[in-house]
Amino acid sequence: MAAACGAGSTWMVQEENDKFTNGNNDRYYTQGFRVSEINEELSHWSFGHEINTPAQANTLEPPVGDLPYSAVAYLAHGQGYLFPEQQAMASMEVKVGVIGPLALGRQIQNGFHHVINATEYRGWDSQMPNEFACNFQAEVRRRFYLDAPEVHHWDILLRAAVDLGNIRSGFSTGFEIRYGLLDDSWGHGFLRQSTGWVDPVGTGGPREAWWWWFVDISAEVIPHSYSFDGTVFSDSDSVESRPVVLQGALGLSLRLAAGSFSFAIAHRTKDFETQDGSHSFGSIRYAYIF
């Protein structure tokens, strides 16, 4: 039976950016942001934003085979469910937004680059056209203890997610192995692989200090993604996406009382056939429960 109760209202902010890695390439999936509010009944509202750019920053139009410029902005509403007896959770959400210039990818990227005195990208005039965006996403996670539950220094979180819509359509699955002084929360969760639902301080027990290292491995089968395949209802530039993409990540999470902080570096195999090598990005998440 699903439990639909939480410990309080939670606010979460998450930022993903390839500037957080040693490569510092500022290309492909270069930036993602999401802020979420989750109430005591585990329903949530989110605002999300993504920016994708080619490898060539100084051209007015990306060369053939390079990733087109694109951005998406969306509002999401969803619901989370807890199944304590099965050590499982589920969540689902609907995203509504826009792909294209109205998502303000050019203004956000070049405005920030101007502030930090970095290269401003010249090719945003070639970005994907405006298109209404709508997506459904659902995911499930299940925990398996690798030691006794009352000890809880090791566990593994298995997960699967499905996406349907013109932002992304496909399936992903993976697992996260955690080691440390663990609470019973549900792992890091990357922006494009998980909903805006989060349970940052676990589902009971005293609010104390917790910490853990984690290794996260996932596989994605995504037949459609706006950033590679272009817009659905109008012509736009595109590249040939790869049928299966693997991602590995190493991270650290800390929890103190009602606050939770998590940081990970993720490394992905090629997302499209003509991509110039693999891609890395960092992911930072902070959540606080009131």
# chains A, B, ... in the order shown; residues from 1 in each chain; ligands from 1
call {"tool": "residues_around", "arguments": {"residues": "A:Arg268", "least_positions_apart": "2", "cutoff": "12 Å", "atoms": "only C-alpha atoms", "output": "PDB file with C-alpha atoms, in the first residue's frame"}}
result
ATOM      1  CA  ASP A  18      29.909  20.753 -17.767  1.00  0.00           C
ATOM      2  CA  TYR A  28      26.568  19.515 -25.922  1.00  0.00           C
ATOM      3  CA  TYR A  29      24.387  19.186 -22.784  1.00  0.00           C
ATOM      4  CA  ASP A 216      25.668   5.478 -10.186  1.00  0.00           C
ATOM      5  CA  ILE A 217      25.414   3.511 -13.456  1.00  0.00           C
ATOM      6  CA  SER A 218      22.642   3.859 -16.034  1.00  0.00           C
ATOM      7  CA  ALA A 219      21.668   2.925 -19.585  1.00  0.00           C
ATOM      8  CA  GLU A 220      19.294   4.947 -21.773  1.00  0.00           C
ATOM      9  CA  ARG A 242      22.896   6.651 -30.853  1.00  0.00           C
ATOM     10  CA  VAL A 244      21.955   3.212 -26.436  1.00  0.00           C
ATOM     11  CA  VAL A 245      23.858   5.619 -24.190  1.00  0.00           C
ATOM     12  CA  LEU A 246      25.655   4.648 -20.979  1.00  0.00           C
ATOM     13  CA  GLN A 247      26.379   6.948 -18.057  1.00  0.00           C
ATOM     14  CA  GLY A 248      28.543   6.459 -14.992  1.00  0.00           C
ATOM     15  CA  ALA A 249      28.859   8.818 -12.034  1.00  0.00           C
ATOM     16  CA  ILE A 265      30.507  13.974 -11.703  1.00  0.00           C
ATOM     17  CA  ALA A 266      28.870  12.052 -14.552  1.00  0.00           C
ATOM     18  CA  LYS A 270      28.443   9.442 -27.172  1.00  0.00           C
ATOM     19  CA  ASP A 271      24.842  10.652 -27.503  1.00  0.00           C
ATOM     20  CA  PHE A 272      25.061  10.993 -31.288  1.00  0.00           C
ATOM     21  CA  GLN A 275      29.864  13.628 -31.469  1.00  0.00           C
ATOM     22  CA  GLY A 277      34.153  12.033 -27.975  1.00  0.00           C
ATOM     23  CA  SER A 278      32.352  11.322 -24.740  1.00  0.00           C
ATOM     24  CA  HIS A 279      30.935  14.025 -22.475  1.00  0.00           C
ATOM     25  CA  SER A 280      31.127  14.856 -18.760  1.00  0.00           C
ATOM     26  CA  PHE A 281      29.168  17.181 -16.510  1.00  0.00           C
ATOM     27  CA  GLY A 282      28.761  17.908 -12.817  1.00  0.00           C
TER      28      GLY A 282
END
call {"tool": "residues_around", "arguments": {"residues": "A:His188", "least_positions_apart": "4", "cutoff": "12 Å", "atoms": "only C-alpha atoms", "output": "VMD selection string"}}
result
chain A and resid 12 14 141 157 159 175 to 178 193 to 201 212 to 217 249 to 254 260 to 266 283 to 287
call {"tool": "residues_around", "arguments": {"residues": "A:Gly123", "least_positions_apart": "3", "cutoff": "8 Å", "atoms": "only C-alpha atoms", "output": "list in words"}}
result
Ala57, Asn58, Thr59, Leu60, Glu61, Pro62, Tyr69, Ser126 and Gln127 of chain A
call {"tool": "select_by_dssp", "arguments": {"residues": "stretch 56-248 of chain A", "states": "strand (DSSP E or B)", "output": "compact mmCIF listing (two decimals) with N, CA and C atoms, in the first residue's frame"}}
result
# COMPACT_ATOMS: atom_id res chain seq x y z
N SER A 70 19.94 24.53 -28.91
CA SER A 70 18.56 24.33 -28.47
C SER A 70 18.45 24.61 -26.99
N ALA A 71 17.23 24.91 -26.57
CA ALA A 71 16.93 25.09 -25.16
C ALA A 71 15.47 24.71 -24.93
N VAL A 72 15.17 24.29 -23.73
CA VAL A 72 13.79 24.00 -23.33
C VAL A 72 13.57 24.55 -21.93
N ALA A 73 12.39 25.11 -21.70
CA ALA A 73 11.96 25.55 -20.38
C ALA A 73 10.59 24.95 -20.12
N TYR A 74 10.35 24.51 -18.89
CA TYR A 74 9.07 23.84 -18.62
C TYR A 74 8.65 23.99 -17.17
N LEU A 75 7.36 23.88 -16.95
CA LEU A 75 6.77 23.70 -15.63
C LEU A 75 6.31 22.25 -15.53
N ALA A 76 6.47 21.66 -14.36
CA ALA A 76 6.07 20.27 -14.16
C ALA A 76 5.25 20.14 -12.89
N HIS A 77 4.30 19.23 -12.94
CA HIS A 77 3.51 18.90 -11.74
C HIS A 77 3.44 17.38 -11.65
N GLY A 78 3.63 16.86 -10.44
CA GLY A 78 3.65 15.41 -10.29
C GLY A 78 3.34 14.96 -8.89
N GLN A 79 3.44 13.65 -8.71
CA GLN A 79 3.10 13.02 -7.44
C GLN A 79 4.09 11.90 -7.14
N GLY A 80 4.51 11.83 -5.87
CA GLY A 80 5.36 10.74 -5.43
C GLY A 80 4.61 9.80 -4.51
N TYR A 81 5.07 8.55 -4.45
CA TYR A 81 4.45 7.51 -3.63
C TYR A 81 5.55 6.72 -2.93
N LEU A 82 5.31 6.37 -1.69
CA LEU A 82 6.22 5.54 -0.92
C LEU A 82 5.56 4.21 -0.58
N PHE A 83 6.36 3.14 -0.64
CA PHE A 83 5.92 1.79 -0.30
C PHE A 83 6.90 1.23 0.73
N ALA A 88 10.32 0.65 -1.53
CA ALA A 88 10.19 1.12 -2.90
C ALA A 88 9.52 2.49 -2.92
N MET A 89 9.70 3.19 -4.03
CA MET A 89 9.02 4.44 -4.30
C MET A 89 8.66 4.51 -5.77
N ALA A 90 7.72 5.40 -6.08
CA ALA A 90 7.35 5.66 -7.46
C ALA A 90 6.99 7.13 -7.57
N SER A 91 7.15 7.69 -8.74
CA SER A 91 6.76 9.07 -8.98
C SER A 91 6.40 9.24 -10.44
N MET A 92 5.58 10.25 -10.70
CA MET A 92 5.21 10.58 -12.07
C MET A 92 4.96 12.07 -12.16
N GLU A 93 5.13 12.62 -13.36
CA GLU A 93 4.89 14.04 -13.55
C GLU A 93 4.59 14.34 -15.01
N VAL A 94 3.97 15.48 -15.24
CA VAL A 94 3.70 16.01 -16.58
C VAL A 94 4.42 17.34 -16.70
N LYS A 95 5.17 17.50 -17.78
CA LYS A 95 5.89 18.74 -18.08
C LYS A 95 5.19 19.46 -19.22
N VAL A 96 5.07 20.79 -19.10
CA VAL A 96 4.52 21.63 -20.16
C VAL A 96 5.43 22.84 -20.29
N GLY A 97 5.84 23.14 -21.53
CA GLY A 97 6.75 24.26 -21.70
C GLY A 97 6.96 24.60 -23.16
N VAL A 98 8.19 25.05 -23.48
CA VAL A 98 8.49 25.48 -24.84
C VAL A 98 9.93 25.11 -25.17
N ILE A 99 10.12 24.68 -26.41
CA ILE A 99 11.44 24.50 -27.00
C ILE A 99 11.68 25.65 -27.95
N GLU A 131 8.55 25.63 -30.29
CA GLU A 131 7.58 24.54 -30.35
C GLU A 131 7.04 24.27 -28.95
N PHE A 132 5.73 24.09 -28.86
CA PHE A 132 5.12 23.71 -27.59
C PHE A 132 5.68 22.37 -27.14
N ALA A 133 6.04 22.26 -25.87
CA ALA A 133 6.65 21.04 -25.34
C ALA A 133 5.72 20.42 -24.30
N CYS A 134 5.54 19.12 -24.39
CA CYS A 134 4.73 18.39 -23.42
C CYS A 134 5.34 17.01 -23.22
N ASN A 135 5.51 16.58 -21.98
CA ASN A 135 6.14 15.30 -21.70
C ASN A 135 5.54 14.67 -20.45
N PHE A 136 5.47 13.36 -20.48
CA PHE A 136 5.09 12.58 -19.30
C PHE A 136 6.29 11.75 -18.88
N GLN A 137 6.56 11.71 -17.58
CA GLN A 137 7.67 10.91 -17.07
C GLN A 137 7.23 10.17 -15.82
N ALA A 138 7.65 8.93 -15.71
CA ALA A 138 7.37 8.12 -14.51
C ALA A 138 8.61 7.32 -14.18
N GLU A 139 8.85 7.11 -12.89
CA GLU A 139 9.99 6.30 -12.47
C GLU A 139 9.65 5.51 -11.22
N VAL A 140 10.36 4.41 -11.05
CA VAL A 140 10.25 3.59 -9.84
C VAL A 140 11.66 3.31 -9.34
N ARG A 141 11.77 3.20 -8.01
CA ARG A 141 13.05 2.86 -7.38
C ARG A 141 12.78 1.85 -6.27
N ARG A 142 13.75 0.94 -6.09
CA ARG A 142 13.64 -0.04 -5.01
C ARG A 142 14.99 -0.22 -4.35
N ARG A 143 14.96 -0.32 -3.02
CA ARG A 143 16.18 -0.44 -2.23
C ARG A 143 16.41 -1.90 -1.82
N PHE A 144 17.68 -2.31 -1.87
CA PHE A 144 18.10 -3.60 -1.34
C PHE A 144 19.26 -3.36 -0.39
N TYR A 145 19.10 -3.78 0.86
CA TYR A 145 20.17 -3.62 1.84
C TYR A 145 21.29 -4.62 1.55
N TRP A 154 25.65 -0.09 3.71
CA TRP A 154 25.67 -0.38 2.29
C TRP A 154 24.24 -0.57 1.81
N ASP A 155 23.91 -0.03 0.65
CA ASP A 155 22.67 -0.44 -0.01
C ASP A 155 22.82 -0.22 -1.51
N ILE A 156 21.85 -0.73 -2.26
CA ILE A 156 21.80 -0.53 -3.70
C ILE A 156 20.38 -0.12 -4.06
N LEU A 157 20.27 0.92 -4.85
CA LEU A 157 18.98 1.44 -5.29
C LEU A 157 18.83 1.15 -6.78
N LEU A 158 17.89 0.30 -7.13
CA LEU A 158 17.60 0.01 -8.53
C LEU A 158 16.51 0.96 -9.02
N ARG A 159 16.56 1.34 -10.28
CA ARG A 159 15.56 2.28 -10.79
C ARG A 159 15.28 2.03 -12.26
N ALA A 160 14.11 2.50 -12.69
CA ALA A 160 13.72 2.49 -14.09
C ALA A 160 12.80 3.67 -14.32
N ALA A 161 12.87 4.26 -15.51
CA ALA A 161 12.05 5.42 -15.83
C ALA A 161 11.62 5.36 -17.29
N VAL A 162 10.46 5.94 -17.57
CA VAL A 162 9.95 6.02 -18.94
C VAL A 162 9.55 7.46 -19.22
N ASP A 163 9.82 7.92 -20.44
CA ASP A 163 9.45 9.26 -20.89
C ASP A 163 8.64 9.16 -22.17
N LEU A 164 7.60 9.99 -22.27
CA LEU A 164 6.78 10.06 -23.48
C LEU A 164 6.49 11.51 -23.78
N GLY A 165 6.85 11.97 -24.99
CA GLY A 165 6.58 13.35 -25.36
C GLY A 165 7.60 13.87 -26.34
N ARG A 168 11.49 14.33 -24.61
CA ARG A 168 12.18 13.05 -24.71
C ARG A 168 11.16 11.93 -24.68
N SER A 169 11.44 10.87 -25.43
CA SER A 169 10.66 9.64 -25.38
C SER A 169 11.63 8.48 -25.32
N GLY A 170 11.44 7.60 -24.34
CA GLY A 170 12.34 6.46 -24.23
C GLY A 170 12.29 5.84 -22.85
N PHE A 171 13.33 5.08 -22.56
CA PHE A 171 13.39 4.28 -21.34
C PHE A 171 14.81 4.33 -20.79
N SER A 172 14.94 4.39 -19.48
CA SER A 172 16.25 4.32 -18.85
C SER A 172 16.17 3.42 -17.63
N THR A 173 17.28 2.80 -17.31
CA THR A 173 17.36 1.95 -16.13
C THR A 173 18.76 2.06 -15.55
N GLY A 174 18.90 1.78 -14.27
CA GLY A 174 20.21 1.89 -13.66
C GLY A 174 20.18 1.52 -12.20
N PHE A 175 21.31 1.75 -11.54
CA PHE A 175 21.42 1.46 -10.12
C PHE A 175 22.42 2.42 -9.49
N GLU A 176 22.25 2.60 -8.18
CA GLU A 176 23.16 3.42 -7.39
C GLU A 176 23.59 2.64 -6.16
N ILE A 177 24.89 2.45 -5.99
CA ILE A 177 25.43 1.79 -4.81
C ILE A 177 25.93 2.87 -3.86
N ARG A 178 25.47 2.80 -2.61
CA ARG A 178 25.84 3.81 -1.61
C ARG A 178 26.60 3.15 -0.47
N TYR A 179 27.60 3.87 0.03
CA TYR A 179 28.35 3.41 1.21
C TYR A 179 28.60 4.58 2.13
N GLY A 180 28.34 4.40 3.42
CA GLY A 180 28.62 5.42 4.42
C GLY A 180 27.68 5.27 5.59
N LEU A 181 27.36 6.38 6.22
CA LEU A 181 26.35 6.43 7.26
C LEU A 181 25.06 6.86 6.58
N ALA A 209 23.25 13.76 11.51
CA ALA A 209 24.22 13.94 10.43
C ALA A 209 24.44 12.60 9.74
N TRP A 210 24.42 12.62 8.41
CA TRP A 210 24.61 11.42 7.60
C TRP A 210 25.54 11.78 6.45
N TRP A 211 26.24 10.79 5.92
CA TRP A 211 27.08 11.01 4.75
C TRP A 211 27.24 9.69 4.01
N TRP A 212 27.49 9.78 2.70
CA TRP A 212 27.77 8.57 1.93
C TRP A 212 28.39 8.92 0.58
N TRP A 213 29.23 8.00 0.12
CA TRP A 213 29.71 8.00 -1.25
C TRP A 213 28.74 7.18 -2.09
N PHE A 214 28.68 7.49 -3.39
CA PHE A 214 27.84 6.66 -4.25
C PHE A 214 28.43 6.54 -5.65
N VAL A 215 28.15 5.40 -6.25
CA VAL A 215 28.47 5.13 -7.65
C VAL A 215 27.15 4.87 -8.36
N ASP A 216 26.93 5.57 -9.46
CA ASP A 216 25.67 5.48 -10.19
C ASP A 216 25.94 5.07 -11.63
N ILE A 217 25.26 4.02 -12.09
CA ILE A 217 25.41 3.51 -13.46
C ILE A 217 24.03 3.45 -14.10
N SER A 218 23.94 3.90 -15.35
CA SER A 218 22.64 3.86 -16.03
C SER A 218 22.82 3.60 -17.52
N ALA A 219 21.74 3.13 -18.14
CA ALA A 219 21.67 2.93 -19.58
C ALA A 219 20.38 3.57 -20.08
N GLU A 220 20.45 4.26 -21.21
CA GLU A 220 19.29 4.95 -21.77
C GLU A 220 19.05 4.47 -23.20
N VAL A 221 17.78 4.22 -23.50
CA VAL A 221 17.33 3.97 -24.87
C VAL A 221 16.32 5.07 -25.16
N ILE A 222 16.72 6.08 -25.95
CA ILE A 222 15.91 7.28 -26.17
C ILE A 222 15.67 7.45 -27.68
N PRO A 223 14.57 6.91 -28.22
CA PRO A 223 14.30 7.06 -29.65
C PRO A 223 14.13 8.51 -30.10
N HIS A 224 13.64 9.37 -29.18
CA HIS A 224 13.49 10.78 -29.55
C HIS A 224 13.95 11.67 -28.41
N SER A 225 14.79 12.64 -28.75
CA SER A 225 15.17 13.73 -27.85
C SER A 225 15.26 14.99 -28.68
N SER A 241 21.18 10.33 -33.54
CA SER A 241 21.40 9.90 -32.16
C SER A 241 21.79 8.43 -32.10
N VAL A 245 22.85 4.75 -24.81
CA VAL A 245 23.86 5.62 -24.19
C VAL A 245 24.06 5.16 -22.75
N LEU A 246 25.31 5.05 -22.34
CA LEU A 246 25.66 4.65 -20.98
C LEU A 246 26.18 5.85 -20.21
N GLN A 247 25.89 5.87 -18.91
CA GLN A 247 26.38 6.95 -18.06
C GLN A 247 26.86 6.38 -16.74
N GLY A 248 28.02 6.82 -16.30
CA GLY A 248 28.54 6.46 -14.99
C GLY A 248 28.85 7.71 -14.19
call {"tool": "closest_residue", "arguments": {"among": "A:Asp66, A:Asp276, A:Glu208, A:Glu85", "to": "A:Phe228", "atoms": "only C-alpha atoms"}}
result
A:Asp66
call {"tool": "select_by_dssp", "arguments": {"residues": "stretch 128-262 of chain A", "states": "alpha helix (DSSP H)", "output": "ChimeraX atom specification"}}
result
/A:226-229
call {"tool": "write_last_selection", "arguments": {"atoms": "N, CA and C atoms", "output": "JSON list (two decimals), in the first residue's frame"}}
result
[["chain", "number", "residue", "atom", "x", "y", "z"],
["A", 226, "TYR", "N", 14.62, 16.06, -28.24],
["A", 226, "TYR", "CA", 14.61, 17.30, -29.02],
["A", 226, "TYR", "C", 16.03, 17.78, -29.31],
["A", 227, "SER", "N", 16.97, 17.57, -28.40],
["A", 227, "SER", "CA", 18.31, 18.13, -28.57],
["A", 227, "SER", "C", 19.09, 17.45, -29.69],
["A", 228, "PHE", "N", 18.72, 16.22, -30.05],
["A", 228, "PHE", "CA", 19.40, 15.51, -31.14],
["A", 228, "PHE", "C", 18.53, 15.41, -32.39],
["A", 229, "ASP", "N", 17.25, 15.09, -32.18],
["A", 229, "ASP", "CA", 16.35, 14.79, -33.30],
["A", 229, "ASP", "C", 15.57, 15.99, -33.79]]
call {"tool": "closest_residue", "arguments": {"among": "A:Val115, A:Val239, A:Leu104, A:Ala148", "to": "A:Pro68", "atoms": "only C-alpha atoms"}}
result
A:Val239
